[in-house]
Amino acid sequence: MSRWPRVAVVVFPGTWSDRDFAHAAELLGWEARMVWHAEAELPDPDAVVLPGGFAHGDHLRTGAIARFSPVMRSVASFAAAGGPVLGSCNGFQILTEAGILPGALLRNDHLEFRCDWQSLRVERAAGPWLGELEQGETISLPISHGEGRYYAEESVLDELERTSRVVLRYTDAAGSLEGDANPNGSLRSIAGIVNERGNVLGLMPHPERAMEAEVGGSDGLRLLRSLERWLVAQPAVSERRP
Amino acid sequence: MRWLAEVHVRLQPGIADPEGQTIAGGLRSLGFDTVSEVRAGKLLRLGFEAPDRAAAEAALTEMCRRLLANPVMETADWELRAEDDALTEASA
């Protein structure tokens, strides 16, 4: 039996969450294809994932070197054609460095590496990666980063808000933005944003590490599951292929 | 002709710099209580070939724009000198 959808998981030197995504794909019944960063072409995937880690050692800046890896040209074309792309953690950092998503991720305001379960408010339950969630609900996903402080100019932040592209915000378990809810000093508590078309999601949390109640929660499974229904509803999915 | 450049990359003014703030706090706790601000940054030392100063400056500008600094949140400025000058200084 063939597995579906087929997801390309991009692996850079220093990527660490590719195996976790492969495990998530296994649980979902998806086919995960690992794509080494030096490959110029993607293997005709239904979706692309940029996993977390420390691509190229995070040298210079997180994502700064990875954005020039040969595979990134194909990822950018895939995204521009409307293909679903998810960048988690280091993947989010790479997407901002590549200019596929606006803004940047800076050192956490407390300078600590933060590895914990984190509550998040779903601000917009739509698109390939969030359609199965409920607007306004509070979910819980692991975070694991030292550079997650979302920054963009005020005008960019206003535009993101105006166009409902801030899709996930850090909260406490009760869903409040106040107090210590924000784990890294992100402006406006931003944990995840999408591009104009909504097909590219960048988020600091790790949905692929929240797939089973036994390890603490399965909201990541619900989030990733969104892709299937979205793909089925896309008449253009086959047309976007060359 | 060989050139040496020192590129300073900093967070743009106005962006919170927790590393700088932490260092400032350390200095104040040592008794340097007049220290009001520290901004941390990166120093990159580059050696490269270019036919003349204008070409070296053009190359540096392009290197900063495309890779060394992220214009979303950083600034870059640099000092540039011909390697012979630099070697003289280094051996002094």
# chains A, B, ... in the order shown; residues from 1 in each chain; ligands from 1
$ interface_residues --of "chain B" --to "chain A" --cutoff "12 Å" --atoms "only C-alpha atoms" --output "PyMOL selection string"
chain B and resi 9-12+14-23+40-44+64-74
$ select_by_dssp --residues "range 30-183 of chain A" --states "alpha helix (DSSP H)" --output "MDAnalysis selection string"
chainID A and resid 71:80 90:97 154:162
$ residues_around --residues "range 56-61 of chain B" --least-positions-apart "2" --cutoff "9 Å" --atoms "only C-alpha atoms" --output "PyMOL selection string"
chain B and resi 3+5+7+48-54+63-66+77-78+80
$ write_last_selection --atoms "N, CA and C atoms" --output "mmCIF file, in the first residue's frame"
data_model
loop_
_atom_site.group_PDB
_atom_site.id
_atom_site.type_symbol
_atom_site.label_atom_id
_atom_site.label_comp_id
_atom_site.auth_asym_id
_atom_site.auth_seq_id
_atom_site.Cartn_x
_atom_site.Cartn_y
_atom_site.Cartn_z
ATOM 1 N N TRP B 3 43.744 42.227 0.624
ATOM 2 C CA TRP B 3 43.145 43.176 1.570
ATOM 3 C C TRP B 3 42.703 42.450 2.829
ATOM 4 N N ALA B 5 39.997 43.019 6.030
ATOM 5 C CA ALA B 5 38.879 43.835 6.506
ATOM 6 C C ALA B 5 38.432 43.339 7.869
ATOM 7 N N VAL B 7 34.984 43.462 9.901
ATOM 8 C CA VAL B 7 33.566 43.804 9.765
ATOM 9 C C VAL B 7 32.915 43.710 11.140
ATOM 10 N N PHE B 48 41.093 38.922 1.606
ATOM 11 C CA PHE B 48 40.637 38.608 0.250
ATOM 12 C C PHE B 48 41.408 39.417 -0.782
ATOM 13 N N GLU B 49 41.279 38.969 -2.029
ATOM 14 C CA GLU B 49 41.974 39.625 -3.143
ATOM 15 C C GLU B 49 41.032 40.587 -3.852
ATOM 16 N N ALA B 50 41.563 41.748 -4.226
ATOM 17 C CA ALA B 50 40.822 42.684 -5.078
ATOM 18 C C ALA B 50 41.848 43.595 -5.735
ATOM 19 N N PRO B 51 41.592 44.027 -6.974
ATOM 20 C CA PRO B 51 42.607 44.799 -7.703
ATOM 21 C C PRO B 51 42.911 46.162 -7.079
ATOM 22 N N ASP B 52 41.907 46.811 -6.500
ATOM 23 C CA ASP B 52 42.153 48.122 -5.885
ATOM 24 C C ASP B 52 41.143 48.365 -4.770
ATOM 25 N N ARG B 53 41.273 49.507 -4.117
ATOM 26 C CA ARG B 53 40.421 49.792 -2.968
ATOM 27 C C ARG B 53 38.942 49.867 -3.345
ATOM 28 N N ALA B 54 38.665 50.470 -4.481
ATOM 29 C CA ALA B 54 37.254 50.604 -4.883
ATOM 30 C C ALA B 54 36.627 49.227 -5.064
ATOM 31 N N MET B 63 29.290 41.506 0.223
ATOM 32 C CA MET B 63 29.374 40.403 1.198
ATOM 33 C C MET B 63 28.511 40.701 2.424
ATOM 34 N N CYS B 64 28.547 41.962 2.869
ATOM 35 C CA CYS B 64 27.732 42.341 4.028
ATOM 36 C C CYS B 64 26.256 42.236 3.699
ATOM 37 N N ARG B 65 25.888 42.720 2.529
ATOM 38 C CA ARG B 65 24.473 42.755 2.152
ATOM 39 C C ARG B 65 23.920 41.340 1.977
ATOM 40 N N ARG B 66 24.708 40.459 1.368
ATOM 41 C CA ARG B 66 24.168 39.150 1.008
ATOM 42 C C ARG B 66 24.286 38.110 2.112
ATOM 43 N N ASP B 77 29.396 47.602 9.656
ATOM 44 C CA ASP B 77 30.349 48.595 9.147
ATOM 45 C C ASP B 77 31.720 47.957 9.202
ATOM 46 N N TRP B 78 32.692 48.526 8.499
ATOM 47 C CA TRP B 78 33.971 47.837 8.402
ATOM 48 C C TRP B 78 35.140 48.792 8.274
ATOM 49 N N LEU B 80 38.976 48.707 6.415
ATOM 50 C CA LEU B 80 39.634 47.977 5.339
ATOM 51 C C LEU B 80 41.046 48.510 5.171
#
$ atom_distance --atom1 "CA of Glu214 in chain A" --atom2 "CA of Val49 in chain A"
24.2 Å
$ select_by_dssp --residues "chain B" --states "strand (DSSP E or B)" --output "number ranges by chain"
B: 2-11, 41-49, 74-82
$ write_last_selection --atoms "N, CA and C atoms" --output "CSV table (one decimal), in the first residue's frame"
chain,number,residue,atom,x,y,z
B,2,ARG,N,46.1,42.0,-2.0
B,2,ARG,CA,45.4,41.4,-0.9
B,2,ARG,C,45.0,42.4,0.2
B,3,TRP,N,43.7,42.2,0.6
B,3,TRP,CA,43.1,43.2,1.6
B,3,TRP,C,42.7,42.5,2.8
B,4,LEU,N,42.7,43.2,3.9
B,4,LEU,CA,42.2,42.7,5.2
B,4,LEU,C,41.1,43.6,5.6
B,5,ALA,N,40.0,43.0,6.0
B,5,ALA,CA,38.9,43.8,6.5
B,5,ALA,C,38.4,43.3,7.9
B,6,GLU,N,38.0,44.3,8.7
B,6,GLU,CA,37.3,43.9,10.0
B,6,GLU,C,35.9,44.4,9.9
B,7,VAL,N,35.0,43.5,9.9
B,7,VAL,CA,33.6,43.8,9.8
B,7,VAL,C,32.9,43.7,11.1
B,8,HIS,N,32.2,44.8,11.5
B,8,HIS,CA,31.5,44.8,12.8
B,8,HIS,C,30.0,44.6,12.5
B,9,VAL,N,29.4,43.6,13.1
B,9,VAL,CA,28.0,43.4,12.9
B,9,VAL,C,27.3,43.6,14.2
B,10,ARG,N,26.3,44.4,14.2
B,10,ARG,CA,25.6,44.8,15.4
B,10,ARG,C,24.1,44.7,15.2
B,11,LEU,N,23.4,44.5,16.3
B,11,LEU,CA,21.9,44.6,16.2
B,11,LEU,C,21.6,46.1,16.0
B,41,GLY,N,28.2,42.6,19.8
B,41,GLY,CA,28.1,42.4,18.4
B,41,GLY,C,29.1,41.3,18.0
B,42,LYS,N,29.4,41.3,16.7
B,42,LYS,CA,30.3,40.3,16.1
B,42,LYS,C,31.4,41.0,15.4
B,43,LEU,N,32.6,40.4,15.5
B,43,LEU,CA,33.7,41.0,14.7
B,43,LEU,C,34.2,39.9,13.8
B,44,LEU,N,34.2,40.2,12.5
B,44,LEU,CA,34.6,39.2,11.5
B,44,LEU,C,35.9,39.8,10.8
B,45,ARG,N,36.9,38.9,10.7
B,45,ARG,CA,38.1,39.4,10.1
B,45,ARG,C,38.3,38.7,8.7
B,46,LEU,N,38.4,39.4,7.6
B,46,LEU,CA,38.4,38.8,6.3
B,46,LEU,C,39.7,39.1,5.6
B,47,GLY,N,40.3,38.1,4.9
B,47,GLY,CA,41.3,38.4,4.0
B,47,GLY,C,40.9,38.0,2.6
B,48,PHE,N,41.1,38.9,1.6
B,48,PHE,CA,40.6,38.6,0.3
B,48,PHE,C,41.4,39.4,-0.8
B,49,GLU,N,41.3,39.0,-2.0
B,49,GLU,CA,42.0,39.6,-3.1
B,49,GLU,C,41.0,40.6,-3.9
B,74,GLU,N,20.1,43.8,11.7
B,74,GLU,CA,21.5,44.1,12.0
B,74,GLU,C,22.0,45.2,11.1
B,75,THR,N,23.1,45.8,11.6
B,75,THR,CA,23.9,46.8,10.7
B,75,THR,C,25.3,46.2,10.6
B,76,ALA,N,26.0,46.6,9.6
B,76,ALA,CA,27.4,46.2,9.4
B,76,ALA,C,28.2,47.4,9.0
B,77,ASP,N,29.4,47.6,9.7
B,77,ASP,CA,30.3,48.6,9.1
B,77,ASP,C,31.7,48.0,9.2
B,78,TRP,N,32.7,48.5,8.5
B,78,TRP,CA,34.0,47.8,8.4
B,78,TRP,C,35.1,48.8,8.3
B,79,GLU,N,36.3,48.2,8.6
B,79,GLU,CA,37.6,48.9,8.3
B,79,GLU,C,38.3,48.1,7.4
B,80,LEU,N,39.0,48.7,6.4
B,80,LEU,CA,39.6,48.0,5.3
B,80,LEU,C,41.0,48.5,5.2
B,81,ARG,N,42.0,47.6,5.0
B,81,ARG,CA,43.3,48.0,4.7
B,81,ARG,C,44.1,47.0,3.9
B,82,ALA,N,45.1,47.5,3.1
B,82,ALA,CA,45.9,46.6,2.3
B,82,ALA,C,46.7,45.7,3.3
